2 protein chains.
Amino acid sequence: MNGYSTLVEQTQKKILHYISTNPDTKHLPKENEFAEILGVSRGVLRESLSQLRALGIIETKRKKGTVVVSPNVFGVLKPLMGTGLLDKKSLKDLYQLRLMLEIGAADFIFMGKNDRFIEELDAIVGQEADLDQQMSLAKDEATKIEIAEKLKEVDIQFHAKLFEITGNQDLMDFQFIIRHLFTLYSPRMKKDYHDRNIVSHIGLFNLLRNGTPDAFRMAMRLHLSTQFENMEANIEKAGAQ
Amino acid sequence: MNGYSTLVEQTQKKILHYISTNPDTKHLPKENEFAEILGVSRGVLRESLSQLRALGIIETKRKKGTVVVSPNVFGVLKPLMGTGLLDKKSLKDLYQLRLMLEIGAADFIFMGKNDRFIEELDAIVGQEADLDQQMSLAKDEATKIEIAEKLKEVDIQFHAKLFEITGNQDLMDFQFIIRHLFTLYSPRMKKDYHDRNIVSHIGLFNLLRNGTPDAFRMAMRLHLSTQFENMEANIEKAGAQ
DNA sequence: TTAAGTAATTATGTACGATATATTATTTTT
DNA sequence: AAAAATAATATATCGTACATAATTACTTAA
């Protein structure tokens with residue numbers, strides 16, 4: 001049993017080691033030099049760099065290889081979007097992850113909230129109220145569907161804003177990706193859309209303004225209850241799309 | 001202006017497309033053929049494959065390129081462990097993510113719980129009780145530290161088991177990775193270790209057996225309260241290690 | 001005939017060299 | 001001095017050749 005891993009993998013580790021032992025240097029050596037330094041061919045080096053690039057650890061332009069310190073954790077999912085490669089189990093896991101984060105984020109939403117965010121949320125909630133009213137006045141089915149679409153969009157905005165308030169980049173990335181994987185946030189195109197949720201966005205909003213993290217967390221759990229119940233169905237739908 | 005992505009990226013997409021349009025075939029064509037099919041050189045193809053390999057989407061052995069359907073979302077973090085590449089912000093985000101998941105997982109822990117898991121948790125909690133007793137009897141500082149180490153290990157086991165109960169693979173992967181990034185779970189090596197947590201593991205365990213998800217979630221939040229408070233300090237520590 | 005051992009085949013792994021292209025630096029032209 | 005043309009440089013891409021390990025085919029011995 002020889003060297004366990006392939007040369008490319010070894011080289012990848014060497015590169016990471018090189019980076020961590022040269023914390024001051026932003027730019028890696030040029031490929032030819034670097035290949036010689038590491039004692040591998042340029043092809044192998046390029047494959048290694050390619051992997052690190054795929055992981056978002058480095059970025060390389062035509063004239064320099066830059067070291068990016070903050071790779072985004074959920075970058076893996078990006079290339080997978082729309083390929084249908086994720087099986088039912090993976091989709092389910094991701095869907096669950098979203099629900100967990102949505103509920104678990106409560107404390108951090110409170111930590112990050114400020115007047116600006118409150119205003120922005122207020123605007124979103126207001127927009128939703130307007131749409132609700134329009135919906136109640138809508139006559140034909142076509143406009144109802146149209147408004148329902150907008151409502152769905154506003155719904156997404158609301159939850160995205162909450163994640164934004166936490167200031168957690170990973171969380172925002174995840175939300176962005178997951179939004180594309182699932183049509184996200186259960187369909188409300190039915191007429192009884194307005195009483196689907198036990199707790200409304202307005203309720204959440206008011207709790208965020210005047211309530212406690214605990215109360216907010218509990219309310220969020222109730223708000224999402226339909227999505228807990230319809231989890232299987234929603235995943236089925238995502239797989240089909 | 002063409003499709004301003006590099007050939008490797010384009011090829012990567014082509015490969016993904018190839019996979020998703022040939023859902024039956026497990027194996028990709030051999031490199032030479034595949035390169036010709038996609039109209040690129042073998043080098044470019046290999047770089048593309050290399051990236052997909054890094055993302056955990058495919059695995060290739062000496063004689064065949066296998067398509068792996070379930071890449072693990074948190075695979076990105078694995079190569080980063082121990083390189084010190086993650087900056088403060090990233091570490092903080094990850095740490096927060098863990099706390100969110102720990103709290104948000106409550107419902108799914110209840111969904112997944114069964115007699116076997118309860119037994120296993122019981123064993124862990126029992127082990128902890130033993131160690132607690134040993135600790136109270138310990139005379140010299142050395143053995144105290146030794147026991148504290150074991151207690152920390154048991155603590156990790158307890159929370160890992162909870163994640164395991166959910167059956168969510170991503171969650172387990174995340175827990176595994178994060179454990180290495182942070183020494184995880186605040187230091188208990190002080191004498192007052194036993195009253196650090198407002199809610200003990202035994203309390204959580206009993207709630208899991210006889211309580212409700214809501215109660216459990218709330219208890220978990222309290223259990224983790226010290227880690228919410230010491231977040232900054234813990235991150236500092238992880239960055240240093 | 002079966003089992004063990006060996007050779008041939010095959011696909012990936014690795015290396016080197018050459019050309020293309022885009023970016024930066026330099027020089028030339030007005 | 002500003003704009004345009006040109007040279008230099010580093011990455012991007014390609015092609016070929018060889019090495020290595022795994023599979024298969026084949027041979028040989030009991």
# chains A, B, ... in the order shown; residues from 1 in each chain; ligands from 1

call {"tool": "closest_atom_pairs", "arguments": {"of": "chain B", "to": "chain A", "cutoff": "7 Å", "atoms": "only C-alpha atoms", "output": "JSON lines"}}
result
{"residue": "B:Leu16", "atom": "CA", "partner": "A:Thr83", "partner_atom": "CA", "distance": 6.6}
{"residue": "B:His17", "atom": "CA", "partner": "A:Thr83", "partner_atom": "CA", "distance": 6.6}
{"residue": "B:Ser20", "atom": "CA", "partner": "A:Thr83", "partner_atom": "CA", "distance": 5.6}
{"residue": "B:Glu47", "atom": "CA", "partner": "A:Glu47", "partner_atom": "CA", "distance": 5.1}
{"residue": "B:Ser50", "atom": "CA", "partner": "A:Gln51", "partner_atom": "CA", "distance": 6.0}
{"residue": "B:Gln51", "atom": "CA", "partner": "A:Gln51", "partner_atom": "CA", "distance": 4.7}
{"residue": "B:Ala54", "atom": "CA", "partner": "A:Gln51", "partner_atom": "CA", "distance": 5.4}
{"residue": "B:Leu55", "atom": "CA", "partner": "A:Val76", "partner_atom": "CA", "distance": 5.9}
{"residue": "B:Val69", "atom": "CA", "partner": "A:Leu85", "partner_atom": "CA", "distance": 5.8}
{"residue": "B:Ser70", "atom": "CA", "partner": "A:Leu86", "partner_atom": "CA", "distance": 6.0}
{"residue": "B:Val73", "atom": "CA", "partner": "A:Val76", "partner_atom": "CA", "distance": 6.0}
{"residue": "B:Phe74", "atom": "CA", "partner": "A:Val73", "partner_atom": "CA", "distance": 6.4}
{"residue": "B:Val76", "atom": "CA", "partner": "A:Leu55", "partner_atom": "CA", "distance": 5.9}
{"residue": "B:Leu77", "atom": "CA", "partner": "A:Val73", "partner_atom": "CA", "distance": 6.8}
{"residue": "B:Thr83", "atom": "CA", "partner": "A:Ser20", "partner_atom": "CA", "distance": 5.7}
{"residue": "B:Gly84", "atom": "CA", "partner": "A:Ser20", "partner_atom": "CA", "distance": 6.4}
{"residue": "B:Leu85", "atom": "CA", "partner": "A:Val69", "partner_atom": "CA", "distance": 5.7}
{"residue": "B:Leu86", "atom": "CA", "partner": "A:Ser70", "partner_atom": "CA", "distance": 6.0}
{"residue": "B:Asp87", "atom": "CA", "partner": "A:Val69", "partner_atom": "CA", "distance": 6.6}
{"residue": "B:Ser90", "atom": "CA", "partner": "A:Ser70", "partner_atom": "CA", "distance": 6.4}
{"residue": "B:Asp93", "atom": "CA", "partner": "A:Asn168", "partner_atom": "CA", "distance": 5.4}
{"residue": "B:Met100", "atom": "CA", "partner": "A:Gly104", "partner_atom": "CA", "distance": 3.9}
{"residue": "B:Leu101", "atom": "CA", "partner": "A:Met100", "partner_atom": "CA", "distance": 5.6}
{"residue": "B:Ile103", "atom": "CA", "partner": "A:Gly104", "partner_atom": "CA", "distance": 5.2}
{"residue": "B:Gly104", "atom": "CA", "partner": "A:Met100", "partner_atom": "CA", "distance": 3.9}
{"residue": "B:Ala105", "atom": "CA", "partner": "A:Met100", "partner_atom": "CA", "distance": 5.4}
{"residue": "B:Asn168", "atom": "CA", "partner": "A:Asp93", "partner_atom": "CA", "distance": 5.4}
{"residue": "B:Gln169", "atom": "CA", "partner": "A:Asp93", "partner_atom": "CA", "distance": 6.9}
{"residue": "B:Asp170", "atom": "CA", "partner": "A:Asp93", "partner_atom": "CA", "distance": 6.5}

call {"tool": "write_last_selection", "arguments": {"atoms": "N, CA and C atoms", "output": "mmCIF file, in the first residue's frame"}}
result
data_model
loop_
_atom_site.group_PDB
_atom_site.id
_atom_site.type_symbol
_atom_site.label_atom_id
_atom_site.label_comp_id
_atom_site.auth_asym_id
_atom_site.auth_seq_id
_atom_site.Cartn_x
_atom_site.Cartn_y
_atom_site.Cartn_z
ATOM 1 N N LEU B 16 -22.484 17.921 -15.917
ATOM 2 C CA LEU B 16 -23.676 17.841 -15.076
ATOM 3 C C LEU B 16 -24.917 17.613 -15.933
ATOM 4 N N HIS B 17 -24.935 18.316 -17.042
ATOM 5 C CA HIS B 17 -26.064 18.143 -17.950
ATOM 6 C C HIS B 17 -26.104 16.724 -18.507
ATOM 7 N N SER B 20 -27.475 14.481 -15.874
ATOM 8 C CA SER B 20 -28.910 14.611 -15.602
ATOM 9 C C SER B 20 -29.754 14.152 -16.782
ATOM 10 N N GLU B 47 -9.730 18.549 -15.515
ATOM 11 C CA GLU B 47 -9.912 19.634 -14.550
ATOM 12 C C GLU B 47 -11.376 19.753 -14.122
ATOM 13 N N SER B 50 -12.190 16.983 -11.942
ATOM 14 C CA SER B 50 -11.508 17.236 -10.675
ATOM 15 C C SER B 50 -12.371 18.103 -9.763
ATOM 16 N N GLN B 51 -12.975 19.107 -10.375
ATOM 17 C CA GLN B 51 -13.830 19.996 -9.585
ATOM 18 C C GLN B 51 -15.036 19.249 -9.034
ATOM 19 N N ALA B 54 -14.033 17.242 -6.258
ATOM 20 C CA ALA B 54 -13.825 18.044 -5.045
ATOM 21 C C ALA B 54 -15.152 18.353 -4.368
ATOM 22 N N LEU B 55 -16.182 18.500 -5.172
ATOM 23 C CA LEU B 55 -17.501 18.815 -4.617
ATOM 24 C C LEU B 55 -18.227 17.563 -4.152
ATOM 25 N N VAL B 69 -24.599 10.384 -6.298
ATOM 26 C CA VAL B 69 -25.806 11.194 -6.361
ATOM 27 C C VAL B 69 -25.947 12.114 -5.163
ATOM 28 N N SER B 70 -25.379 11.734 -4.057
ATOM 29 C CA SER B 70 -25.611 12.509 -2.845
ATOM 30 C C SER B 70 -24.332 13.133 -2.318
ATOM 31 N N VAL B 73 -23.304 18.329 1.674
ATOM 32 C CA VAL B 73 -23.313 19.781 1.595
ATOM 33 C C VAL B 73 -22.107 20.395 2.279
ATOM 34 N N PHE B 74 -21.698 19.799 3.350
ATOM 35 C CA PHE B 74 -20.669 20.432 4.167
ATOM 36 C C PHE B 74 -19.276 19.920 3.840
ATOM 37 N N VAL B 76 -17.292 20.997 1.787
ATOM 38 C CA VAL B 76 -16.370 22.105 1.567
ATOM 39 C C VAL B 76 -15.462 22.308 2.757
ATOM 40 N N LEU B 77 -16.021 22.094 3.902
ATOM 41 C CA LEU B 77 -15.289 22.447 5.115
ATOM 42 C C LEU B 77 -14.164 21.485 5.423
ATOM 43 N N THR B 83 -6.405 24.371 8.684
ATOM 44 C CA THR B 83 -5.552 25.211 7.863
ATOM 45 C C THR B 83 -5.535 26.641 8.370
ATOM 46 N N GLY B 84 -6.466 26.956 9.262
ATOM 47 C CA GLY B 84 -6.531 28.308 9.772
ATOM 48 C C GLY B 84 -6.936 29.315 8.720
ATOM 49 N N LEU B 85 -7.559 28.800 7.660
ATOM 50 C CA LEU B 85 -7.928 29.692 6.563
ATOM 51 C C LEU B 85 -9.200 30.468 6.847
ATOM 52 N N LEU B 86 -10.042 29.888 7.684
ATOM 53 C CA LEU B 86 -11.304 30.553 7.963
ATOM 54 C C LEU B 86 -11.078 31.757 8.871
ATOM 55 N N ASP B 87 -11.601 32.875 8.476
ATOM 56 C CA ASP B 87 -11.422 34.063 9.296
ATOM 57 C C ASP B 87 -12.449 34.095 10.416
ATOM 58 N N SER B 90 -16.162 33.930 9.408
ATOM 59 C CA SER B 90 -16.625 32.623 8.966
ATOM 60 C C SER B 90 -16.822 31.686 10.143
ATOM 61 N N ASP B 93 -19.926 32.611 11.951
ATOM 62 C CA ASP B 93 -21.110 32.174 11.219
ATOM 63 C C ASP B 93 -21.360 30.682 11.427
ATOM 64 N N MET B 100 -28.036 27.323 15.985
ATOM 65 C CA MET B 100 -29.365 27.348 15.351
ATOM 66 C C MET B 100 -29.873 25.936 15.121
ATOM 67 N N LEU B 101 -29.015 25.115 14.568
ATOM 68 C CA LEU B 101 -29.430 23.761 14.230
ATOM 69 C C LEU B 101 -29.742 22.953 15.484
ATOM 70 N N ILE B 103 -30.929 23.945 18.180
ATOM 71 C CA ILE B 103 -32.233 24.333 18.709
ATOM 72 C C ILE B 103 -33.361 23.963 17.746
ATOM 73 N N GLY B 104 -33.087 24.207 16.475
ATOM 74 C CA GLY B 104 -34.142 23.959 15.489
ATOM 75 C C GLY B 104 -34.403 22.494 15.212
ATOM 76 N N ALA B 105 -33.494 21.650 15.671
ATOM 77 C CA ALA B 105 -33.623 20.228 15.358
ATOM 78 C C ALA B 105 -34.680 19.528 16.206
ATOM 79 N N ASN B 168 -30.777 12.943 9.675
ATOM 80 C CA ASN B 168 -30.386 13.902 8.636
ATOM 81 C C ASN B 168 -28.868 13.844 8.417
ATOM 82 N N GLN B 169 -28.493 13.358 7.260
ATOM 83 C CA GLN B 169 -27.074 13.132 6.987
ATOM 84 C C GLN B 169 -26.277 14.427 6.975
ATOM 85 N N ASP B 170 -26.837 15.449 6.365
ATOM 86 C CA ASP B 170 -26.164 16.742 6.315
ATOM 87 C C ASP B 170 -25.866 17.246 7.716
#

call {"tool": "select_by_dssp", "arguments": {"residues": "range 139-229 of chain B", "states": "alpha helix (DSSP H)", "output": "short mmCIF file (atom, residue, chain, number, x, y, z; two decimals) with C-alpha atoms, in the first residue's frame"}}
result
data_model
loop_
_atom_site.label_atom_id
_atom_site.label_comp_id
_atom_site.auth_asym_id
_atom_site.auth_seq_id
_atom_site.Cartn_x
_atom_site.Cartn_y
_atom_site.Cartn_z
CA GLU B 141 -6.04 18.22 39.98
CA ALA B 142 -4.64 15.76 37.44
CA THR B 143 -7.45 13.26 37.73
CA LYS B 144 -9.97 16.07 37.73
CA ILE B 145 -8.69 17.24 34.39
CA GLU B 146 -8.69 13.72 33.11
CA ILE B 147 -12.30 13.23 34.10
CA ALA B 148 -13.19 16.60 32.67
CA GLU B 149 -11.79 15.48 29.34
CA LYS B 150 -13.96 12.41 29.44
CA LEU B 151 -16.96 14.51 30.36
CA LYS B 152 -16.36 16.70 27.36
CA GLU B 153 -16.22 13.65 25.16
CA VAL B 154 -19.47 12.36 26.59
CA ASP B 155 -21.02 15.76 26.05
CA ILE B 156 -20.10 15.58 22.39
CA GLN B 157 -21.51 12.09 22.17
CA PHE B 158 -24.78 13.25 23.64
CA HIS B 159 -25.32 16.01 21.14
CA ALA B 160 -24.03 13.94 18.26
CA LYS B 161 -26.55 11.28 19.15
CA LEU B 162 -29.36 13.82 19.07
CA PHE B 163 -28.35 14.80 15.56
CA GLU B 164 -28.12 11.15 14.64
CA ILE B 165 -31.68 10.61 15.77
CA THR B 166 -32.92 13.07 13.17
CA GLN B 169 -27.07 13.13 6.99
CA ASP B 170 -26.16 16.74 6.32
CA LEU B 171 -26.71 17.53 9.94
CA MET B 172 -24.43 14.73 11.02
CA ASP B 173 -21.74 15.76 8.58
CA PHE B 174 -21.94 19.28 9.87
CA GLN B 175 -21.65 18.15 13.44
CA PHE B 176 -18.64 16.06 12.55
CA ILE B 177 -16.85 18.88 10.85
CA ILE B 178 -17.69 21.53 13.37
CA ARG B 179 -16.44 19.33 16.14
CA HIS B 180 -12.99 19.55 14.63
CA LEU B 181 -13.12 23.25 13.99
CA HIS B 201 -28.41 16.47 29.76
CA ILE B 202 -30.54 14.37 32.03
CA GLY B 203 -33.19 17.04 31.93
CA LEU B 204 -33.07 17.09 28.15
CA PHE B 205 -33.18 13.34 28.06
CA ASN B 206 -36.26 13.14 30.23
CA LEU B 207 -37.98 15.77 28.16
CA LEU B 208 -37.20 13.82 25.04
CA ARG B 209 -38.76 10.75 26.59
CA ASN B 210 -41.84 12.25 28.12
CA PRO B 213 -40.88 19.19 21.08
CA ASP B 214 -41.69 22.69 22.24
CA ALA B 215 -40.56 22.02 25.78
CA PHE B 216 -37.49 20.25 24.52
CA ARG B 217 -36.59 23.10 22.23
CA MET B 218 -36.90 25.59 25.02
CA ALA B 219 -34.82 23.44 27.31
CA MET B 220 -32.15 23.08 24.68
CA ARG B 221 -32.02 26.82 24.32
CA LEU B 222 -31.41 27.14 28.03
CA HIS B 223 -28.92 24.33 27.96
CA SER B 225 -27.28 29.59 27.01
CA THR B 226 -23.70 29.66 28.24
CA GLN B 227 -22.52 29.05 24.70
CA PHE B 228 -24.61 31.91 23.45
CA GLU B 229 -22.97 34.12 26.01
#

call {"tool": "closest_atom_pairs", "arguments": {"of": "chain C", "to": "chain B", "cutoff": "12 Å", "atoms": "only C-alpha atoms (C1' of nucleotides)", "output": "tab-separated table"}}
result
residue	atom	partner	partner_atom	distance
C:DT10	C1'	B:Lys63	CA	8.2
C:DA11	C1'	B:Lys63	CA	5.3
C:DT12	C1'	B:Arg62	CA	5.2
C:DG13	C1'	B:Arg62	CA	8.5
C:DT14	C1'	B:Gly43	CA	11.5
C:DT21	C1'	B:Thr6	CA	11.9

call {"tool": "closest_atom_pairs", "arguments": {"of": "chain D", "to": "chain B", "cutoff": "12 Å", "atoms": "only C-alpha atoms (C1' of nucleotides)", "output": "Markdown table"}}
result
| residue | atom | partner | partner_atom | distance |
| --- | --- | --- | --- | --- |
| D:DT11 | C1' | B:Thr6 | CA | 11.1 |
| D:DA12 | C1' | B:Thr6 | CA | 8.1 |
| D:DT13 | C1' | B:Val44 | CA | 7.3 |
| D:DC14 | C1' | B:Ser41 | CA | 6.0 |
| D:DG15 | C1' | B:Ser41 | CA | 8.0 |
| D:DT16 | C1' | B:Arg42 | CA | 11.0 |
| D:DT20 | C1' | B:Arg62 | CA | 9.7 |
| D:DA21 | C1' | B:Arg62 | CA | 7.1 |
| D:DA22 | C1' | B:Arg62 | CA | 6.7 |
| D:DT23 | C1' | B:Lys63 | CA | 8.3 |

call {"tool": "atom_distance", "arguments": {"atom1": "CA of Glu120 in chain A", "atom2": "CA of Gly211 in chain A"}}
result
18.0 Å

call {"tool": "select_by_dssp", "arguments": {"residues": "range 30-211 of chain A", "states": "strand (DSSP E)", "output": "list in words"}}
result
Ile58, Glu59, Thr60, Lys61, Lys64, Gly65, Thr66 and Val67 of chain A

call {"tool": "write_last_selection", "arguments": {"atoms": "C-alpha atoms", "output": "short mmCIF file (atom, residue, chain, number, x, y, z; two decimals), in the first residue's frame"}}
result
data_model
loop_
_atom_site.label_atom_id
_atom_site.label_comp_id
_atom_site.auth_asym_id
_atom_site.auth_seq_id
_atom_site.Cartn_x
_atom_site.Cartn_y
_atom_site.Cartn_z
CA ILE A 58 -9.13 30.52 -4.27
CA GLU A 59 -9.97 32.63 -7.24
CA THR A 60 -7.69 32.96 -10.20
CA LYS A 61 -7.61 35.59 -12.83
CA LYS A 64 -2.74 36.12 -10.60
CA GLY A 65 -4.04 33.47 -8.30
CA THR A 66 -5.75 35.11 -5.40
CA VAL A 67 -6.41 33.45 -2.11
#
